[in-house]
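Engineer: Got a structure for you, input_3.txt, holding compact mmCIF, C-alpha atoms.
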# COMPACT_ATOMS: atom_id res chain seq x y z
CA MET U 1 26.98 31.74 -26.82
CA GLN U 2 25.05 34.99 -27.40
CA GLY U 3 22.42 33.10 -29.38
CA GLU U 4 21.93 30.65 -26.51
CA VAL U 5 21.55 33.50 -24.01
CA ASP U 6 18.99 35.18 -26.29
CA LEU U 7 17.10 31.91 -26.63
CA PHE U 8 17.12 31.49 -22.84
CA LYS U 9 15.84 35.05 -22.38
CA LYS U 10 13.11 34.43 -24.96
CA TYR U 11 11.94 31.26 -23.19
CA LEU U 12 12.15 32.97 -19.78
CA GLU U 13 9.98 35.84 -21.05
CA LYS U 14 7.49 33.38 -22.47
CA PHE U 15 7.41 31.45 -19.20
CA LEU U 16 6.92 34.60 -17.11
CA TYR U 17 4.25 35.84 -19.55
CA TYR U 18 2.13 32.77 -18.78
CA PHE U 19 3.25 32.15 -15.21
CA ILE U 20 2.75 35.57 -13.59
CA PRO U 21 -1.03 35.82 -14.32
CA PHE U 22 -1.42 32.20 -13.18
CA ALA U 23 0.53 32.88 -9.96
CA GLU U 24 -1.59 35.99 -9.29
CA LYS U 25 -4.79 34.00 -9.77
CA LEU U 26 -3.51 31.25 -7.47
CA LEU U 27 -2.49 33.76 -4.80
CA ASN U 28 -5.88 35.48 -4.98
CA TYR U 29 -7.62 32.13 -4.66
CA LEU U 30 -5.46 31.23 -1.64
CA ARG U 31 -6.09 34.65 -0.07
CA GLU U 32 -9.84 34.30 -0.40
CA ASN U 33 -10.36 30.61 0.36
CA ILE U 34 -7.43 29.14 2.29
CA PHE U 35 -5.66 31.89 4.27
CA PRO U 36 -8.70 32.83 6.44
CA TYR U 37 -8.63 29.29 7.86
CA LEU U 38 -4.96 29.68 8.78
CA THR U 39 -5.42 32.69 11.05
CA GLU U 40 -5.87 30.55 14.16
CA VAL U 41 -2.73 28.54 13.34
CA THR U 42 -0.86 31.79 12.75
CA ASP U 43 -2.03 33.19 16.08
CA TYR U 44 -0.92 30.01 17.83
CA PHE U 45 2.55 30.20 16.24
CA ARG U 46 2.75 33.91 17.02
CA ARG U 47 2.11 33.18 20.71
CA LEU U 48 4.58 30.29 20.59
CA SER U 49 7.30 32.37 18.95
CA GLU U 50 6.84 35.08 21.58
CA LYS U 51 7.30 32.51 24.34
CA LEU U 52 10.54 31.09 22.91
CA PRO U 53 13.42 31.57 25.37
CA VAL U 54 15.88 34.32 24.55
CA ASN U 55 18.91 32.73 26.28
CA PHE U 56 21.23 30.34 24.46
CA GLU U 57 21.33 27.79 27.28
CA PRO U 58 18.01 25.99 26.57
CA TYR U 59 18.95 25.59 22.90
CA ILE U 60 22.36 24.18 23.77
CA LEU U 61 20.66 21.83 26.26
CA ILE U 62 18.28 20.59 23.53
CA PHE U 63 21.29 20.14 21.22
CA ILE U 64 23.14 18.04 23.83
CA ILE U 65 19.99 15.96 24.52
CA LEU U 66 19.57 15.30 20.78
CA ILE U 67 23.22 14.29 20.45
CA ILE U 68 22.95 11.87 23.40
CA LEU U 69 19.66 10.50 22.05
CA GLY U 70 21.24 10.03 18.61
CA VAL U 71 24.21 8.15 20.05
CA ILE U 72 21.93 5.94 22.19
CA VAL U 73 19.67 5.18 19.20
CA ASN U 74 22.71 4.39 17.07
CA TRP U 75 24.21 2.20 19.79
CA LYS U 76 20.98 0.33 20.54
CA LEU U 77 19.62 -0.14 17.02
CA GLU U 78 22.20 0.46 14.30
CA GLY U 79 25.01 -1.39 16.08
CA LYS U 80 22.72 -4.34 16.69
CA GLU U 81 21.71 -4.45 13.01
CA GLU U 82 25.35 -4.22 11.99
CA GLU U 83 26.28 -7.11 14.30
CA GLU U 84 23.40 -9.21 12.99
CA LYS U 85 24.48 -8.48 9.43
CA LYS U 86 28.06 -9.50 10.21
CA LYS U 87 26.90 -12.70 11.93
CA LYS U 88 24.70 -13.52 8.93
CA GLU U 89 27.60 -12.95 6.54
CA LYS U 90 29.91 -15.14 8.67
CA LYS U 91 27.28 -17.87 8.76
CA GLU U 92 26.83 -17.70 4.99
CA ILE U 93 30.59 -17.96 4.43
CA SER U 94 30.91 -20.90 6.83
CA ASP U 95 27.93 -22.62 5.14
CA LEU U 96 29.58 -22.09 1.78
CA PHE U 97 32.85 -23.59 3.01
CA PHE U 98 30.95 -26.49 4.53
CA ALA U 99 29.17 -27.11 1.23
CA LEU U 100 32.43 -26.92 -0.71
CA SER U 101 34.17 -29.36 1.62
CA MET L 1 28.28 -1.29 19.69
CA THR L 2 27.79 1.85 17.64
CA ASP L 3 27.89 2.10 13.88
CA ARG L 4 30.97 4.28 13.51
CA LYS L 5 30.33 5.14 9.87
CA LEU L 6 26.96 6.68 10.67
CA ILE L 7 28.31 8.44 13.77
CA ARG L 8 31.07 9.98 11.65
CA LYS L 9 28.47 11.10 9.10
CA GLY L 10 26.32 12.56 11.89
CA VAL L 11 29.25 14.48 13.40
CA PHE L 12 30.15 15.88 9.98
CA VAL L 13 26.56 16.96 9.28
CA ALA L 14 26.17 18.51 12.76
CA ILE L 15 29.45 20.42 12.47
CA SER L 16 28.60 21.70 9.00
CA SER L 17 25.14 22.79 10.22
CA LEU L 18 26.73 24.56 13.18
CA PHE L 19 29.13 26.27 10.80
CA PHE L 20 26.40 27.48 8.43
CA TYR L 21 23.87 28.48 11.10
CA VAL L 22 26.08 29.68 13.96
CA ALA L 23 29.66 30.46 12.94
CA LEU L 24 28.98 31.98 9.52
CA PRO L 25 26.18 34.37 10.64
CA TYR L 26 28.31 35.38 13.64
CA ILE L 27 31.34 36.10 11.42
CA ILE L 28 29.23 37.99 8.86
CA TYR L 29 27.58 40.03 11.61
CA THR L 30 30.71 40.89 13.56
CA LYS L 31 32.81 41.63 10.45
CA TYR L 32 30.42 43.35 8.07
CA LEU L 33 26.94 44.06 9.42
CA VAL L 34 28.22 45.76 12.57
CA GLN L 35 29.41 48.56 10.26
CA PHE L 36 25.76 49.46 9.57
CA PRO L 37 24.39 50.41 13.00
CA GLN L 38 21.33 51.97 11.36
CA LEU L 39 20.22 48.42 10.42
CA ALA L 40 19.19 46.61 13.60
CA LEU L 41 19.97 43.05 12.48
CA GLU L 42 21.17 41.69 15.80
CA SER L 43 17.90 39.93 16.66
CA TYR L 44 17.83 38.27 13.24
CA ILE L 45 21.32 36.89 13.62
CA ASN L 46 20.65 35.79 17.20
CA TRP L 47 17.56 33.84 16.18
CA ILE L 48 19.38 32.20 13.27
CA MET L 49 22.10 31.11 15.71
CA ARG L 50 19.65 29.88 18.36
CA MET L 51 17.56 27.80 15.99
CA GLY L 52 20.69 26.67 14.14
CA VAL L 53 21.88 24.91 17.29
CA ILE L 54 18.64 22.88 17.44
CA ILE L 55 18.75 22.19 13.68
CA ALA L 56 22.30 20.86 14.06
CA GLY L 57 21.15 18.53 16.86
CA ILE L 58 18.25 17.18 14.80
CA GLN L 59 20.52 16.79 11.76
CA PHE L 60 22.84 14.67 13.92
CA PHE L 61 19.92 12.57 15.20
CA LYS L 62 18.71 12.09 11.62
CA SER L 63 22.11 11.28 10.16
CA VAL L 64 23.13 8.64 12.72
CA SER L 65 20.18 6.50 11.63
CA SER L 66 20.37 4.39 8.50
CA GLU L 67 18.15 5.17 5.53
CA LYS L 68 14.47 4.26 5.34
CA THR L 69 14.07 3.80 9.09
CA THR L 70 11.38 5.22 11.36
CA ARG L 71 13.92 7.25 13.33
CA GLN L 72 15.18 8.95 10.18
CA ALA L 73 11.61 9.76 9.12
CA LEU L 74 11.03 11.08 12.65
CA GLY L 75 14.14 13.24 12.29
CA ASP L 76 12.73 14.65 9.03
CA LEU L 77 9.44 15.42 10.77
CA LEU L 78 11.20 17.15 13.68
CA LEU L 79 13.31 19.12 11.22
CA SER L 80 10.26 20.36 9.28
CA ILE L 81 8.57 21.46 12.56
CA VAL L 82 11.69 23.30 13.74
CA TYR L 83 12.09 24.96 10.31
CA LEU L 84 8.47 26.13 10.53
CA ILE L 85 9.04 27.73 13.95
CA PHE L 86 12.38 29.16 12.78
CA PHE L 87 11.00 30.83 9.64
CA PHE L 88 7.89 31.96 11.46
CA LYS L 89 10.09 33.72 14.00
CA LEU L 90 12.17 35.30 11.22
CA PHE L 91 9.09 36.49 9.33
CA THR L 92 7.53 38.06 12.40
CA LEU L 93 10.68 40.03 13.25
CA GLU L 94 10.95 43.56 11.98
CA VAL L 95 14.13 45.27 10.79
CA VAL L 96 14.21 48.91 11.86
CA ALA L 97 16.43 51.00 9.59
CA ASN L 98 17.16 54.59 10.58
CA VAL L 99 17.80 56.09 7.16
CA THR L 100 18.21 59.67 8.41
CA GLU L 101 17.48 61.41 11.70
CA ASN L 102 13.82 61.90 10.82
CA VAL L 103 13.20 58.95 8.51
CA THR L 104 12.85 55.44 9.91
CA VAL L 105 12.02 52.50 7.66
CA ILE L 106 10.54 49.33 9.12
CA ILE L 107 11.07 46.26 6.97
CA SER L 108 8.66 43.42 7.67
CA MET L 109 8.22 40.08 5.96
CA GLU L 110 4.82 39.30 7.44
CA GLY L 111 3.39 38.91 3.94
CA PHE L 112 5.29 35.64 3.52
CA ILE L 113 3.81 34.08 6.67
CA TYR L 114 0.63 32.61 5.19
CA ILE L 115 2.19 31.18 2.05
CA TYR L 116 5.10 29.70 4.02
CA LEU L 117 2.76 28.35 6.68
CA LEU L 118 0.68 26.61 4.03
CA ALA L 119 3.76 25.06 2.42
CA ALA L 120 5.23 24.03 5.78
CA LEU L 121 1.98 22.48 7.01
CA ILE L 122 1.72 20.43 3.80
CA GLY L 123 5.36 19.36 4.33
CA ILE L 124 4.71 18.35 7.95
CA PHE L 125 1.62 16.39 6.91
CA ALA L 126 3.69 14.58 4.24
CA ASN L 127 6.38 13.78 6.82
CA VAL L 128 3.81 12.40 9.28
CA ILE L 129 2.49 10.10 6.52
CA ARG L 130 6.06 9.05 5.72
CA VAL L 131 6.75 8.13 9.37
CA PHE L 132 3.71 5.82 9.37
CA GLU L 133 4.61 4.42 5.95
CA VAL L 134 8.18 3.57 6.98
CA TRP L 135 7.03 2.19 10.34
CA ASN L 136 4.42 0.02 8.64
CA SER L 137 6.84 -1.31 6.02
CA ALA L 138 9.40 -2.14 8.76
CA ARG L 139 6.69 -3.95 10.76
CA ARG L 140 5.65 -5.92 7.68
CA SER L 141 9.20 -6.93 6.78
CA ARG L 142 9.75 -8.05 10.40
CA SER L 143 6.61 -10.21 10.35
CA PHE L 144 7.71 -11.92 7.11
Can you present the structure in this file as structure tokens?
Structural biologist:
Amino acid sequence: MQGEVDLFKKYLEKFLYYFIPFAEKLLNYLRENIFPYLTEVTDYFRRLSEKLPVNFEPYILIFIILIILGVIVNWKLEGKEEEEKKKKEKKEISDLFFALS
Amino acid sequence: MTDRKLIRKGVFVAISSLFFYVALPYIIYTKYLVQFPQLALESYINWIMRMGVIIAGIQFFKSVSSEKTTRQALGDLLLSIVYLIFFFKLFTLEVVANVTENVTVIISMEGFIYIYLLAALIGIFANVIRVFEVWNSARRSRSF
């Protein structure tokens, strides 16, 4: 068991030895070339997060709306598909019986 | 007629999400974190609970749809958008810790914003593509 732990530590050290400089390089590249383009998106989300309501009621309302929407979607689409599947199965069985007779 | 199996799955997923995002943080806060008044964590916990309610709703919406359907892909997309707003809110919040009477430490996670934003935007883009892909494959199978 100790040998396995030592082996794991050795591989982890090796991995970190190669990974950390690579991660630093990647982060520097992102900082210089990608992150400046994200400032506008960040500002937009900052404004949005400031405007988020502090009360619990709107969140509970959204939750209830999602639940109702989910039930309606399930009722309108999934139930229909299930019924169609059952009808198809019944038809297949009756066809089989008809062919056997 | 509803598909009861999927509804049951959705209810289970929604309840478990509510437990992990609302009940558990509330219990942890009221039992343990309240003992450290110098750490102002109330806003953190409140935001986790608020967004957790929406996440539970979307999880329900996603779980009541069968696999590889447009509505499930749409649920994934909604979930990734809500997670982005949720983590953005958490990263912009600051924890003020009064260590002693004269020393106050402000803990901020603003440094994570850009890297998380990049990852989340890539995820949202992937989910948008997936919605179109699933919708297109469903349309094709219907036309055959």
Engineer: Output the contact residues of chain L with respect to chain U at a cut-off of 7 Å, based on all atoms listed in the file, as a tab-separated table (two decimals) with C-alpha atoms, in the coordinates of the input.
Structural biologist:
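Listed below is the output, part20.tsv:
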chain	number	residue	atom	x	y	z
L	1	MET	CA	28.28	-1.29	19.69
L	2	THR	CA	27.79	1.85	17.64
L	3	ASP	CA	27.89	2.10	13.88
L	50	ARG	CA	19.65	29.88	18.36
L	53	VAL	CA	21.88	24.91	17.29
L	54	ILE	CA	18.64	22.88	17.44
L	57	GLY	CA	21.15	18.53	16.86
L	58	ILE	CA	18.25	17.18	14.80
L	60	PHE	CA	22.84	14.67	13.92
L	61	PHE	CA	19.92	12.57	15.20
L	64	VAL	CA	23.13	8.64	12.72
L	65	SER	CA	20.18	6.50	11.63
L	89	LYS	CA	10.09	33.72	14.00
L	114	TYR	CA	0.63	32.61	5.19
Engineer: Please report the interatomic distance between atom CA of U:Tyr18 and atom CA of L:Leu121 in Å with one decimal.
Structural biologist: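 Separation of atom CA of U:Tyr18 and atom CA of L:Leu121: 27.8 Å.
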Engineer: Taking into account all atoms listed in the file, which residue in the set L:Val34, L:Ile48, L:Leu39, L:Ala126 is nearest to L:Phe19?
Structural biologist: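 For L:Phe19, the nearest of the candidates is L:Ile48.
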Engineer: I'd like the interatomic distance between atom CA of L:Ile107 and atom CA of L:Ser43, to a tenth of an Å.
Structural biologist: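 Separation of atom CA of L:Ile107 and atom CA of L:Ser43: 13.4 Å.
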Engineer: Which residue, L:Leu18, L:Val82, L:Ala73, L:Leu117, has the smallest gap to L:Phe132 when you use all atoms listed in the file?
Structural biologist: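 Nearest candidate to L:Phe132 out of L:Leu18, L:Val82, L:Ala73, L:Leu117: L:Ala73.
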Engineer: Pick out the closest residue to L:Thr100 from this set: L:Leu79, L:Ala138, L:Gln38, L:Gln72. Count only C-alpha atoms.
Structural biologist: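 Of L:Leu79, L:Ala138, L:Gln38, L:Gln72, the one nearest L:Thr100, counting only C-alpha atoms, is L:Gln38.
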Engineer: Please list as a VMD selection string every residue within 10 Å of L:Phe91, counting only C-alpha atoms and excluding residues in the same chain fewer than 4 positions away.
Structural biologist: chain L and resid 44 85 to 87 108 to 113 116
Engineer: Grab the atom CA of U:Lys90 to atom CA of L:Arg142 distance for me, in Å with one decimal place.
Structural biologist: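 These two atoms are separated by 21.4 Å.
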Engineer: For L:Ile55, which of L:Val22, L:Leu93, L:Ile7, L:Ile106 is the closest residue, counting all atoms listed in the file?
Structural biologist: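 Using all atoms listed in the file, L:Ile55 sits closest to L:Val22.
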Engineer: Can you work out which one of L:Tyr26, L:Phe36, L:Trp47, L:Tyr21 has the shortest atom-to-atom distance to L:Phe88, counting all atoms listed in the file?
Structural biologist: L:Trp47
